[in-house]
>>> print(open('model_24.pdb').read())   # PDB, C-alpha atoms and all ligand atoms
ATOM      1  CA  MET A 985     -17.566  22.058  -1.605
ATOM      2  CA  THR A 986     -17.260  20.761  -5.170
ATOM      3  CA  GLU A 987     -17.401  17.004  -5.601
ATOM      4  CA  LYS A 988     -13.980  15.500  -6.287
ATOM      5  CA  SER A 989     -13.555  13.031  -9.120
ATOM      6  CA  ALA A 990     -12.604   9.418  -8.434
ATOM      7  CA  LYS A 991     -11.155   9.162 -11.959
ATOM      8  CA  PRO A 992      -7.375   8.854 -12.080
ATOM      9  CA  TYR A 993      -5.438  11.829 -13.389
ATOM     10  CA  SER A 994      -4.064  11.456 -16.913
ATOM     11  CA  LYS A 995      -0.537  10.094 -17.297
ATOM     12  CA  LEU A 996       0.589  13.554 -18.395
ATOM     13  CA  LYS A 997      -0.860  15.208 -15.296
ATOM     14  CA  ILE A 998       0.735  12.606 -13.027
ATOM     15  CA  ALA A 999       4.091  13.127 -14.751
ATOM     16  CA  ALA A1000       3.861  16.910 -14.272
ATOM     17  CA  ALA A1001       2.861  16.507 -10.612
ATOM     18  CA  TYR A1002       5.703  14.025 -10.077
ATOM     19  CA  PHE A1003       8.152  16.500 -11.576
ATOM     20  CA  ARG A1004       6.921  19.210  -9.168
ATOM     21  CA  TYR A1005       7.199  16.731  -6.294
ATOM     22  CA  ARG A1006      10.798  15.848  -7.228
ATOM     23  CA  PHE A1007      11.587  19.542  -7.255
ATOM     24  CA  LYS A1008       9.986  20.410  -3.921
ATOM     25  CA  GLY A1009      10.651  17.142  -2.030
ATOM     26  CA  LEU A1010      13.108  17.597   0.819
ATOM     27  CA  THR A1011      16.448  15.839   1.010
ATOM     28  CA  LYS A1012      18.157  14.949   4.304
ATOM     29  CA  HIS A1013      19.749  18.399   4.550
ATOM     30  CA  GLY A1014      16.356  20.081   4.787
ATOM     31  CA  VAL A1015      14.878  17.871   7.496
ATOM     32  CA  HIS A1016      15.134  18.873  11.154
ATOM     33  CA  SER A1017      12.792  16.297  12.663
ATOM     34  CA  PRO A1018      14.810  13.508  14.355
ATOM     35  CA  LYS A1019      12.083  10.957  13.580
ATOM     36  CA  VAL A1020      11.983  11.844   9.899
ATOM     37  CA  PHE A1021      15.778  12.137   9.605
ATOM     38  CA  GLU A1022      16.040   8.631  11.038
ATOM     39  CA  PHE A1023      13.385   7.448   8.574
ATOM     40  CA  MET A1024      15.405   8.909   5.696
ATOM     41  CA  GLU A1025      18.714   7.437   6.833
ATOM     42  CA  GLU A1026      17.509   4.014   7.886
ATOM     43  CA  VAL A1027      14.603   3.364   5.558
ATOM     44  CA  LEU A1028      14.816   5.486   2.394
ATOM     45  CA  ASP A1029      18.624   5.393   2.078
ATOM     46  CA  ARG A1030      18.992   1.768   3.091
ATOM     47  CA  THR A1031      16.320   0.298   0.881
ATOM     48  CA  SER A1032      18.002  -2.633  -0.768
ATOM     49  CA  LYS A1033      18.838  -2.412  -4.443
ATOM     50  CA  SER A1034      19.249  -6.167  -4.484
ATOM     51  CA  ARG A1035      17.476  -7.923  -7.283
ATOM     52  CA  ASN A1036      14.925  -9.975  -5.350
ATOM     53  CA  ARG A1037      15.349 -12.402  -8.193
ATOM     54  CA  LYS A1038      12.781 -15.004  -7.207
ATOM     55  CA  ILE A1039       9.932 -12.543  -6.647
ATOM     56  CA  GLU A1040      10.760 -10.546  -9.758
ATOM     57  CA  ARG A1041      10.798 -13.770 -11.765
ATOM     58  CA  GLU A1042       7.200 -14.336 -10.628
ATOM     59  CA  ARG A1043       6.267 -10.786 -11.629
ATOM     60  CA  LYS A1044       7.834 -11.305 -15.050
ATOM     61  CA  ARG A1045       5.923 -14.542 -15.493
ATOM     62  CA  LEU A1046       2.644 -12.805 -14.594
ATOM     63  CA  LYS A1047       3.361  -9.969 -17.032
ATOM     64  CA  ALA A1048       3.836 -12.534 -19.813
ATOM     65  CA  SER A1049       0.792 -14.611 -18.813
ATOM     66  CA  LYS A1050      -1.875 -15.293 -21.441
ATOM     67  CA  GLN A1051      -4.433 -16.205 -18.769
ATOM     68  CA  ILE A1052      -7.759 -14.388 -18.824
ATOM     69  CA  ILE A1053      -9.756 -14.453 -15.596
ATOM     70  CA  ASP A1054     -13.180 -13.461 -14.348
ATOM     71  CA  PHE A1055     -12.427 -10.522 -12.081
ATOM     72  CA  THR A1056     -14.792  -8.690  -9.756
ATOM     73  CA  ASP A1057     -13.787  -5.091  -9.414
ATOM     74  CA  PHE A1058     -14.737  -4.233  -5.841
ATOM     75  CA  GLY A1059     -12.841  -0.956  -6.035
ATOM     76  CA  LYS A1060     -15.127   0.397  -8.789
ATOM     77  CA  SER A1061     -18.412  -1.021 -10.088
ATOM     78  CA  GLY A1062     -18.424  -4.319  -8.191
ATOM     79  CA  ASN A1063     -19.119  -5.978 -11.574
ATOM     80  CA  LEU A1064     -17.612  -9.196 -12.856
ATOM     81  CA  PHE A1065     -15.674  -8.965 -16.120
ATOM     82  CA  LYS A1066     -12.878 -10.627 -18.091
ATOM     83  CA  LYS A1067      -9.383  -9.393 -17.387
ATOM     84  CA  ASN A1068      -5.904 -10.353 -18.573
ATOM     85  CA  VAL A1069      -3.592 -11.392 -15.767
ATOM     86  CA  SER A1070      -0.796  -9.637 -17.663
ATOM     87  CA  ASP A1071      -2.695  -6.313 -17.530
ATOM     88  CA  ILE A1072      -3.184  -6.668 -13.778
ATOM     89  CA  ALA A1073       0.513  -7.460 -13.362
ATOM     90  CA  LYS A1074       1.492  -4.431 -15.438
ATOM     91  CA  ASN A1075      -0.930  -1.924 -13.947
ATOM     92  CA  ALA A1076      -2.082  -2.868 -10.453
ATOM     93  CA  LEU A1077       1.057  -3.933  -8.615
ATOM     94  CA  LYS A1078       3.508  -1.700  -6.817
ATOM     95  CA  PRO A1079       6.762  -1.542  -8.819
ATOM     96  CA  LYS A1080       9.840  -3.051  -7.214
ATOM     97  CA  LYS A1081      11.231   0.301  -6.042
ATOM     98  CA  TYR A1082       8.234   0.743  -3.725
ATOM     99  CA  ALA A1083       7.770  -2.924  -2.846
ATOM    100  CA  ARG A1084      11.389  -2.925  -1.608
ATOM    101  CA  LEU A1085      10.763   0.277   0.317
ATOM    102  CA  ILE A1086       7.790  -1.260   2.100
ATOM    103  CA  ALA A1087       9.893  -4.353   2.873
ATOM    104  CA  GLN A1088      12.690  -2.158   4.286
ATOM    105  CA  THR A1089      10.131  -0.240   6.366
ATOM    106  CA  VAL A1090       8.898  -3.510   7.845
ATOM    107  CA  ASN A1091      12.453  -4.643   8.559
ATOM    108  CA  TYR A1092      13.713  -1.392  10.070
ATOM    109  CA  TYR A1093      10.758  -0.894  12.402
ATOM    110  CA  LYS A1094      10.943  -4.599  13.349
ATOM    111  CA  ALA A1095       7.280  -5.085  12.520
ATOM    112  CA  THR A1096       6.032  -8.561  13.338
ATOM    113  CA  SER A1097       2.464  -8.100  12.081
ATOM    114  CA  VAL A1098       1.447  -6.431   8.842
ATOM    115  CA  LEU A1099      -2.025  -5.965   7.415
ATOM    116  CA  GLU A1100      -2.376  -5.352   3.676
ATOM    117  CA  LEU A1101      -5.671  -4.191   2.135
ATOM    118  CA  GLY A1102      -5.528  -5.228  -1.531
ATOM    119  CA  THR A1103      -3.514  -8.381  -2.273
ATOM    120  CA  SER A1104      -4.030  -8.534  -6.026
ATOM    121  CA  LEU A1105      -1.420 -10.991  -7.380
ATOM    122  CA  GLY A1106       0.503 -10.923  -4.119
ATOM    123  CA  ILE A1107       3.812  -9.476  -5.280
ATOM    124  CA  THR A1108       4.150  -6.743  -2.639
ATOM    125  CA  THR A1109       2.898  -9.230  -0.050
ATOM    126  CA  ALA A1110       5.764 -11.511  -1.075
ATOM    127  CA  TYR A1111       8.300  -8.714  -0.587
ATOM    128  CA  ILE A1112       7.030  -8.178   2.957
ATOM    129  CA  ALA A1113       6.937 -11.913   3.718
ATOM    130  CA  GLN A1114      10.623 -12.363   2.880
ATOM    131  CA  ASN A1115      11.179 -11.427   6.509
ATOM    132  CA  LYS A1116      10.384 -14.636   8.372
ATOM    133  CA  HIS A1117       9.708 -12.781  11.641
ATOM    134  CA  VAL A1118       6.678 -11.089  10.094
ATOM    135  CA  LYS A1119       3.181 -12.458   9.889
ATOM    136  CA  VAL A1120       1.387 -10.854   6.961
ATOM    137  CA  HIS A1121      -2.377 -10.784   6.719
ATOM    138  CA  SER A1122      -3.545  -9.745   3.264
ATOM    139  CA  MET A1123      -7.159  -8.972   2.306
ATOM    140  CA  GLU A1124      -8.591  -9.183  -1.210
ATOM    141  CA  GLY A1125     -12.043  -9.051  -2.763
ATOM    142  CA  ASP A1126     -11.487 -11.117  -5.872
ATOM    143  CA  PRO A1127     -10.982 -14.853  -5.205
ATOM    144  CA  THR A1128      -9.239 -15.600  -8.518
ATOM    145  CA  VAL A1129      -6.366 -13.137  -8.103
ATOM    146  CA  ALA A1130      -6.061 -14.247  -4.480
ATOM    147  CA  ASP A1131      -5.705 -17.863  -5.672
ATOM    148  CA  ILE A1132      -2.949 -16.881  -8.093
ATOM    149  CA  ALA A1133      -1.216 -14.993  -5.280
ATOM    150  CA  THR A1134      -1.416 -18.022  -2.980
ATOM    151  CA  THR A1135       0.186 -20.231  -5.632
ATOM    152  CA  ILE A1136       3.016 -17.726  -6.021
ATOM    153  CA  TRP A1137       3.671 -17.652  -2.263
ATOM    154  CA  GLN A1138       3.744 -21.458  -2.284
ATOM    155  CA  HIS A1139       6.330 -21.423  -5.117
ATOM    156  CA  LEU A1140       8.395 -18.988  -3.101
ATOM    157  CA  GLY A1141       8.054 -21.105   0.032
ATOM    158  CA  TYR A1142       6.442 -18.390   2.206
ATOM    159  CA  LYS A1143       4.341 -19.778   5.021
ATOM    160  CA  ASN A1144       3.877 -16.556   6.973
ATOM    161  CA  ILE A1145       0.962 -15.148   4.943
ATOM    162  CA  THR A1146      -2.752 -15.504   5.674
ATOM    163  CA  THR A1147      -5.583 -14.109   3.574
ATOM    164  CA  THR A1148      -9.180 -13.034   3.892
ATOM    165  CA  ILE A1149     -11.280 -12.991   0.737
ATOM    166  CA  GLY A1150     -14.285 -10.715   0.274
ATOM    167  CA  ASP A1151     -15.335  -7.091   0.046
ATOM    168  CA  PHE A1152     -13.537  -5.045   2.729
ATOM    169  CA  ASN A1153     -16.961  -3.706   3.726
ATOM    170  CA  ALA A1154     -17.815  -7.214   4.891
ATOM    171  CA  THR A1155     -14.427  -8.575   5.919
ATOM    172  CA  LEU A1156     -12.842  -5.767   7.956
ATOM    173  CA  GLY A1157     -15.230  -6.648  10.764
ATOM    174  CA  SER A1158     -13.680 -10.122  10.975
ATOM    175  CA  LEU A1159     -10.300  -8.912  12.236
ATOM    176  CA  GLY A1160     -11.444  -9.264  15.837
ATOM    177  CA  ASP A1161      -9.285  -7.429  18.343
ATOM    178  CA  LYS A1162      -5.998  -7.981  16.497
ATOM    179  CA  THR A1163      -3.601  -5.054  16.170
ATOM    180  CA  TYR A1164      -0.912  -4.620  13.512
ATOM    181  CA  ASP A1165       2.464  -2.876  13.504
ATOM    182  CA  ILE A1166       2.049  -1.758   9.902
ATOM    183  CA  ILE A1167      -1.194  -1.308   7.970
ATOM    184  CA  TYR A1168      -0.795  -0.893   4.218
ATOM    185  CA  ILE A1169      -3.935   0.355   2.449
ATOM    186  CA  ASP A1170      -3.767  -0.414  -1.273
ATOM    187  CA  GLY A1171      -7.319  -1.181  -2.358
ATOM    188  CA  ASN A1172     -10.321   0.913  -3.374
ATOM    189  CA  HIS A1173      -8.662   4.221  -4.227
ATOM    190  CA  ARG A1174     -11.641   6.472  -3.534
ATOM    191  CA  LEU A1175     -12.270   9.197  -0.976
ATOM    192  CA  GLU A1176     -15.081   7.838   1.180
ATOM    193  CA  PRO A1177     -13.850   4.214   1.460
ATOM    194  CA  THR A1178     -10.258   5.302   2.128
ATOM    195  CA  LEU A1179     -11.330   7.538   5.005
ATOM    196  CA  ARG A1180     -13.736   4.907   6.312
ATOM    197  CA  TYR A1181     -11.058   2.180   6.301
ATOM    198  CA  PHE A1182      -8.657   4.521   8.096
ATOM    199  CA  GLU A1183     -11.287   5.227  10.736
ATOM    200  CA  GLN A1184     -12.256   1.559  11.084
ATOM    201  CA  LEU A1185      -8.644   0.378  11.246
ATOM    202  CA  GLN A1186      -7.821   2.661  14.175
ATOM    203  CA  GLN A1187      -9.130  -0.137  16.412
ATOM    204  CA  HIS A1188      -6.488  -2.433  14.901
ATOM    205  CA  ALA A1189      -3.678   0.027  15.506
ATOM    206  CA  HIS A1190      -1.524   0.573  18.565
ATOM    207  CA  GLU A1191       0.441   3.672  19.525
ATOM    208  CA  LYS A1192       3.378   2.825  17.227
ATOM    209  CA  THR A1193       1.402   1.521  14.242
ATOM    210  CA  LEU A1194       2.486   2.955  10.925
ATOM    211  CA  PHE A1195      -0.158   3.389   8.226
ATOM    212  CA  ILE A1196       0.961   3.397   4.597
ATOM    213  CA  PHE A1197      -1.435   4.658   1.932
ATOM    214  CA  ASP A1198      -0.971   3.827  -1.704
ATOM    215  CA  ASP A1199      -1.207   6.289  -4.601
ATOM    216  CA  ILE A1200      -2.121   9.405  -2.645
ATOM    217  CA  HIS A1201      -1.905  11.575  -5.794
ATOM    218  CA  TYR A1202      -3.720   9.149  -8.096
ATOM    219  CA  SER A1203      -6.955  11.181  -8.437
ATOM    220  CA  PRO A1204      -8.657  14.295  -7.024
ATOM    221  CA  GLN A1205     -10.458  12.019  -4.523
ATOM    222  CA  MET A1206      -7.221  10.405  -3.321
ATOM    223  CA  GLU A1207      -5.603  13.827  -2.915
ATOM    224  CA  LYS A1208      -8.594  14.934  -0.870
ATOM    225  CA  ALA A1209      -8.344  11.732   1.208
ATOM    226  CA  TRP A1210      -4.639  12.422   1.857
ATOM    227  CA  GLU A1211      -5.315  16.038   2.918
ATOM    228  CA  THR A1212      -8.118  14.858   5.228
ATOM    229  CA  ILE A1213      -5.888  12.188   6.785
ATOM    230  CA  LYS A1214      -3.109  14.736   7.352
ATOM    231  CA  ALA A1215      -5.555  16.994   9.194
ATOM    232  CA  ASN A1216      -6.933  14.151  11.374
ATOM    233  CA  ASP A1217      -6.319  14.759  15.099
ATOM    234  CA  SER A1218      -4.941  11.247  15.652
ATOM    235  CA  VAL A1219      -2.283  11.756  12.979
ATOM    236  CA  ARG A1220       1.125  13.100  13.981
ATOM    237  CA  ILE A1221       3.866  12.892  11.321
ATOM    238  CA  THR A1222       2.996  12.339   7.664
ATOM    239  CA  VAL A1223       5.492  11.691   4.889
ATOM    240  CA  ASP A1224       4.495  12.217   1.273
ATOM    241  CA  LEU A1225       6.618  10.078  -1.070
ATOM    242  CA  PHE A1226       4.269  10.800  -3.981
ATOM    243  CA  PHE A1227       3.348   7.184  -4.785
ATOM    244  CA  LEU A1228       3.046   6.303  -1.083
ATOM    245  CA  GLY A1229       1.988   8.264   1.983
ATOM    246  CA  TYR A1230       3.316   7.306   5.433
ATOM    247  CA  VAL A1231       1.304   8.166   8.540
ATOM    248  CA  PHE A1232       2.765   7.950  12.069
ATOM    249  CA  ILE A1233       0.159   8.176  14.831
ATOM    250  CA  ASP A1234       2.485   7.949  17.836
ATOM    251  CA  LYS A1235       1.098  10.607  20.237
ATOM    252  CA  THR A1236       4.573  11.512  21.501
ATOM    253  CA  LEU A1237       5.472  12.942  18.079
ATOM    254  CA  PRO A1238       4.746  16.531  17.017
ATOM    255  CA  LYS A1239       2.135  17.163  14.323
ATOM    256  CA  GLN A1240       4.153  17.776  11.151
ATOM    257  CA  ASP A1241       3.829  17.043   7.431
ATOM    258  CA  PHE A1242       6.787  16.339   5.166
ATOM    259  CA  THR A1243       7.296  15.799   1.471
ATOM    260  CA  LEU A1244      10.490  13.815   0.961
ATOM    261  CA  ARG A1245      12.277  13.132  -2.279
ATOM    262  CA  TYR A1246      12.477   9.432  -3.021
TER     263      TYR A1246
HETATM  264  C1  LIG A1301      -3.796  -2.005  -6.481
HETATM  265  S1  LIG A1301      -4.308  -3.641  -6.185
HETATM  266  C2  LIG A1301      -3.222  -4.193  -4.885
HETATM  267  C3  LIG A1301      -1.799  -4.369  -5.311
HETATM  268  C4  LIG A1301      -0.898  -5.055  -4.315
HETATM  269  N1  LIG A1301      -0.965  -4.446  -3.001
HETATM  270  C5  LIG A1301       0.545  -5.016  -4.797
HETATM  271  O1  LIG A1301       1.201  -3.956  -4.693
HETATM  272  O2  LIG A1301       1.048  -6.039  -5.284
HETATM  273  C6  LIG A1301      -5.817  -3.371  -5.334
HETATM  274  C7  LIG A1301      -6.625  -4.627  -5.022
HETATM  275  O3  LIG A1301      -7.613  -4.261  -4.073
HETATM  276  C8  LIG A1301      -8.779  -5.009  -4.326
HETATM  277  N2  LIG A1301      -9.927  -4.247  -3.815
HETATM  278  C9  LIG A1301     -10.331  -2.999  -4.184
HETATM  279  N3  LIG A1301     -11.438  -2.650  -3.510
HETATM  280  C10 LIG A1301     -11.761  -3.685  -2.707
HETATM  281  C11 LIG A1301     -12.800  -3.917  -1.767
HETATM  282  N4  LIG A1301     -13.760  -3.018  -1.527
HETATM  283  N5  LIG A1301     -12.813  -5.091  -1.110
HETATM  284  C12 LIG A1301     -11.857  -6.036  -1.346
HETATM  285  N6  LIG A1301     -10.849  -5.882  -2.233
HETATM  286  C13 LIG A1301     -10.798  -4.717  -2.902
HETATM  287  C14 LIG A1301      -8.823  -5.175  -5.842
HETATM  288  O4  LIG A1301      -9.536  -6.354  -6.176
HETATM  289  C15 LIG A1301      -7.354  -5.229  -6.209
HETATM  290  O5  LIG A1301      -6.925  -6.552  -6.419
END
>>> encode(input="model_24.pdb", output="structure tokens")
Amino acid sequence: MTEKSAKPYSKLKIAAAYFRYRFKGLTKHGVHSPKVFEFMEEVLDRTSKSRNRKIERERKRLKASKQIIDFTDFGKSGNLFKKNVSDIAKNALKPKKYARLIAQTVNYYKATSVLELGTSLGITTAYIAQNKHVKVHSMEGDPTVADIATTIWQHLGYKNITTTIGDFNATLGSLGDKTYDIIYIDGNHRLEPTLRYFEQLQQHAHEKTLFIFDDIHYSPQMEKAWETIKANDSVRITVDLFFLGYVFIDKTLPKQDFTLRY
């Protein structure tokens, strides 16, 4: 087997792949699975277009920030270097279309516990935490971005978020016997760690837990990770939304893979 690259695809390649995805992605008329039809009607179609003004104001402020921080890149070299907060806000955070989708997923499935791997500046975390019935636990390697995120959540008045700081390799073991309704994996976009986290997090999942993987078409390694996850025996229904991959592990479901237009 040839070694897959961890390097992200070029913008042009991603655009071409996205175009192919938009062309082949199924709409509601092509879906015969009741579970997936329900997901399309209740989650994809009902995702709020509301402006989430307060959170988006924070994002805007971060994008305009002149602050330069010392940032340790656990997802790549593990080295410490200078980084503009504005660049992180522009490049690392899920855009509002997908942050809203994750929030709607949490709301529709009535999740009360969500685990997020990769807090960064905490914008997607904030979207999830809008629902006061949810307790969000977010994990992040770099303490400085996590501090900025915490300040943002304080501004927004969210008290339902807890964090763990440190390399996932060291911190995942601290989750004890807790299980989560939704586990969102958005940190360290490489093949081996992604598969290892998925394996390790099985002990924090219950029958109905939904896993959400970020950027499944970001690089050859992430595509390989997505294909491997789809083939995993514990996985039942998968939904490819191009920038996110949903994984249902409920044993009562058939094993099926879908690509849905979103
Ligand atoms: C893409 S960002 C998360 C974005 C965030 N979920 C959002 O949408 O707003 C990924 C984050 O994961 C963190 N990360 C990557 N690898 C890590 C590791 N091995 N341990 C801890 N944190 C890690 C990075 O520091 C980075 O802040």
>>> closest_atom_pairs(input="model_24.pdb", of="chain A", to="ligand LIG 1301 (chain A)", cutoff="7 Å", atoms="only C-alpha atoms and all ligand atoms", output="tab-separated table")
residue	atom	partner	partner_atom	distance
A:Thr1056	CA	A:LIG1301	O4	6.8
A:Asp1057	CA	A:LIG1301	O4	5.5
A:Phe1058	CA	A:LIG1301	N3	4.3
A:Gly1059	CA	A:LIG1301	N3	3.3
A:Ala1076	CA	A:LIG1301	C1	4.4
A:Leu1077	CA	A:LIG1301	O1	3.9
A:Lys1078	CA	A:LIG1301	O1	3.9
A:Ala1083	CA	A:LIG1301	O1	6.9
A:Glu1100	CA	A:LIG1301	N1	6.9
A:Leu1101	CA	A:LIG1301	O3	6.5
A:Gly1102	CA	A:LIG1301	O3	3.4
A:Thr1103	CA	A:LIG1301	C4	4.7
A:Ser1104	CA	A:LIG1301	O5	3.5
A:Leu1105	CA	A:LIG1301	O2	5.9
A:Gly1106	CA	A:LIG1301	O2	5.1
A:Ile1107	CA	A:LIG1301	O2	4.4
A:Thr1108	CA	A:LIG1301	O2	4.1
A:Thr1109	CA	A:LIG1301	O2	6.4
A:Met1123	CA	A:LIG1301	N6	6.6
A:Glu1124	CA	A:LIG1301	N6	4.1
A:Gly1125	CA	A:LIG1301	C12	3.3
A:Asp1126	CA	A:LIG1301	O4	5.2
A:Val1129	CA	A:LIG1301	O5	6.8
A:Gly1150	CA	A:LIG1301	C12	5.5
A:Asp1151	CA	A:LIG1301	N5	3.4
A:Phe1152	CA	A:LIG1301	N5	3.9
A:Asn1153	CA	A:LIG1301	N4	6.2
A:Asp1170	CA	A:LIG1301	N1	5.2
A:Gly1171	CA	A:LIG1301	O3	3.5
A:Asn1172	CA	A:LIG1301	N3	3.7
>>> resolve_selection(input="model_24.pdb", expression="the PyMOL selection byres (((chain A and resi 1143) around 12) and not hetatm)", output="list in words")
Thr1109, Ala1110, Ala1113, Gln1114, Asn1115, Lys1116, His1117, Val1118, Lys1119, Val1120, His1121, Thr1134, Thr1135, Ile1136, Trp1137, Gln1138, His1139, Leu1140, Gly1141, Tyr1142, Asn1144, Ile1145, Thr1146 and Thr1147 of chain A
>>> closest_atom_pairs(input="model_24.pdb", of="segment 1177-1241 of chain A", to="segment 996-1018 of chain A", cutoff="12 Å", atoms="only C-alpha atoms", output="Markdown table")
| residue | atom | partner | partner_atom | distance |
| --- | --- | --- | --- | --- |
| A:Asp1199 | CA | A:Ile998 | CA | 10.7 |
| A:Ile1200 | CA | A:Ile998 | CA | 11.2 |
| A:His1201 | CA | A:Ile998 | CA | 7.8 |
| A:Tyr1202 | CA | A:Ile998 | CA | 7.5 |
| A:Ser1203 | CA | A:Ile998 | CA | 9.1 |
| A:Pro1204 | CA | A:Ile998 | CA | 11.3 |
| A:Glu1207 | CA | A:Ala1001 | CA | 11.8 |
| A:Ile1221 | CA | A:Ser1017 | CA | 9.6 |
| A:Thr1222 | CA | A:Ser1017 | CA | 11.7 |
| A:Val1223 | CA | A:Gly1009 | CA | 10.2 |
| A:Asp1224 | CA | A:Gly1009 | CA | 8.5 |
| A:Leu1225 | CA | A:Gly1009 | CA | 8.2 |
| A:Phe1226 | CA | A:Tyr1005 | CA | 7.0 |
| A:Phe1227 | CA | A:Tyr1002 | CA | 9.0 |
| A:Leu1237 | CA | A:Ser1017 | CA | 9.7 |
| A:Pro1238 | CA | A:Ser1017 | CA | 9.2 |
| A:Lys1239 | CA | A:Ser1017 | CA | 10.8 |
| A:Gln1240 | CA | A:Ser1017 | CA | 8.9 |
| A:Asp1241 | CA | A:Ser1017 | CA | 10.4 |
>>> closest_residue(input="model_24.pdb", among="A:Ala1095, A:Leu1156, A:Ile1072, A:Ile1233", to="Lys1192 of chain A", atoms="all atoms listed in the file")
A:Ile1233
>>> atom_distance(input="model_24.pdb", atom1="atom CA of Ile1039 of chain A", atom2="atom CA of Asp1198 of chain A")
20.3 Å
>>> closest_residue(input="model_24.pdb", among="A:Ala1130, A:Val1231, A:Ile1213, A:Val1098", to="His1188 of chain A", atoms="all atoms listed in the file")
A:Val1098
>>> decode(input="model_24.pdb", residues="segment 997-1011 of chain A", atoms="N, CA and C atoms", output="PDB file, in the first residue's frame")
ATOM      1  N   LYS A 997      -7.988  21.588  -6.060  1.00  0.00           N
ATOM      2  CA  LYS A 997      -8.400  20.175  -5.986  1.00  0.00           C
ATOM      3  C   LYS A 997      -9.650  20.026  -5.122  1.00  0.00           C
ATOM      4  N   ILE A 998      -9.664  20.763  -4.003  1.00  0.00           N
ATOM      5  CA  ILE A 998     -10.818  20.691  -3.097  1.00  0.00           C
ATOM      6  C   ILE A 998     -12.056  21.212  -3.832  1.00  0.00           C
ATOM      7  N   ALA A 999     -11.874  22.305  -4.580  1.00  0.00           N
ATOM      8  CA  ALA A 999     -13.010  22.898  -5.294  1.00  0.00           C
ATOM      9  C   ALA A 999     -13.557  21.903  -6.322  1.00  0.00           C
ATOM     10  N   ALA A1000     -12.657  21.215  -7.024  1.00  0.00           N
ATOM     11  CA  ALA A1000     -13.090  20.249  -8.045  1.00  0.00           C
ATOM     12  C   ALA A1000     -13.810  19.078  -7.370  1.00  0.00           C
ATOM     13  N   ALA A1001     -13.263  18.616  -6.252  1.00  0.00           N
ATOM     14  CA  ALA A1001     -13.882  17.490  -5.531  1.00  0.00           C
ATOM     15  C   ALA A1001     -15.241  17.909  -4.982  1.00  0.00           C
ATOM     16  N   TYR A1002     -15.327  19.155  -4.516  1.00  0.00           N
ATOM     17  CA  TYR A1002     -16.609  19.649  -3.974  1.00  0.00           C
ATOM     18  C   TYR A1002     -17.661  19.717  -5.091  1.00  0.00           C
ATOM     19  N   PHE A1003     -17.225  20.125  -6.256  1.00  0.00           N
ATOM     20  CA  PHE A1003     -18.133  20.202  -7.401  1.00  0.00           C
ATOM     21  C   PHE A1003     -18.670  18.801  -7.736  1.00  0.00           C
ATOM     22  N   ARG A1004     -17.770  17.813  -7.728  1.00  0.00           N
ATOM     23  CA  ARG A1004     -18.196  16.423  -8.007  1.00  0.00           C
ATOM     24  C   ARG A1004     -19.172  15.955  -6.934  1.00  0.00           C
ATOM     25  N   TYR A1005     -18.849  16.316  -5.681  1.00  0.00           N
ATOM     26  CA  TYR A1005     -19.725  15.932  -4.557  1.00  0.00           C
ATOM     27  C   TYR A1005     -21.125  16.537  -4.740  1.00  0.00           C
ATOM     28  N   ARG A1006     -21.179  17.814  -5.099  1.00  0.00           N
ATOM     29  CA  ARG A1006     -22.473  18.491  -5.264  1.00  0.00           C
ATOM     30  C   ARG A1006     -23.285  17.804  -6.364  1.00  0.00           C
ATOM     31  N   PHE A1007     -22.561  17.285  -7.345  1.00  0.00           N
ATOM     32  CA  PHE A1007     -23.224  16.644  -8.473  1.00  0.00           C
ATOM     33  C   PHE A1007     -23.757  15.272  -8.078  1.00  0.00           C
ATOM     34  N   LYS A1008     -22.944  14.530  -7.316  1.00  0.00           N
ATOM     35  CA  LYS A1008     -23.353  13.144  -7.005  1.00  0.00           C
ATOM     36  C   LYS A1008     -24.136  13.029  -5.690  1.00  0.00           C
ATOM     37  N   GLY A1009     -24.081  14.051  -4.833  1.00  0.00           N
ATOM     38  CA  GLY A1009     -24.760  13.964  -3.534  1.00  0.00           C
ATOM     39  C   GLY A1009     -26.263  13.792  -3.702  1.00  0.00           C
ATOM     40  N   LEU A1010     -26.832  12.901  -2.911  1.00  0.00           N
ATOM     41  CA  LEU A1010     -28.261  12.602  -3.036  1.00  0.00           C
ATOM     42  C   LEU A1010     -29.108  13.707  -2.419  1.00  0.00           C
ATOM     43  N   THR A1011     -30.277  13.907  -2.997  1.00  0.00           N
ATOM     44  CA  THR A1011     -31.283  14.772  -2.375  1.00  0.00           C
ATOM     45  C   THR A1011     -32.304  13.830  -1.725  1.00  0.00           C
TER      46      THR A1011
END
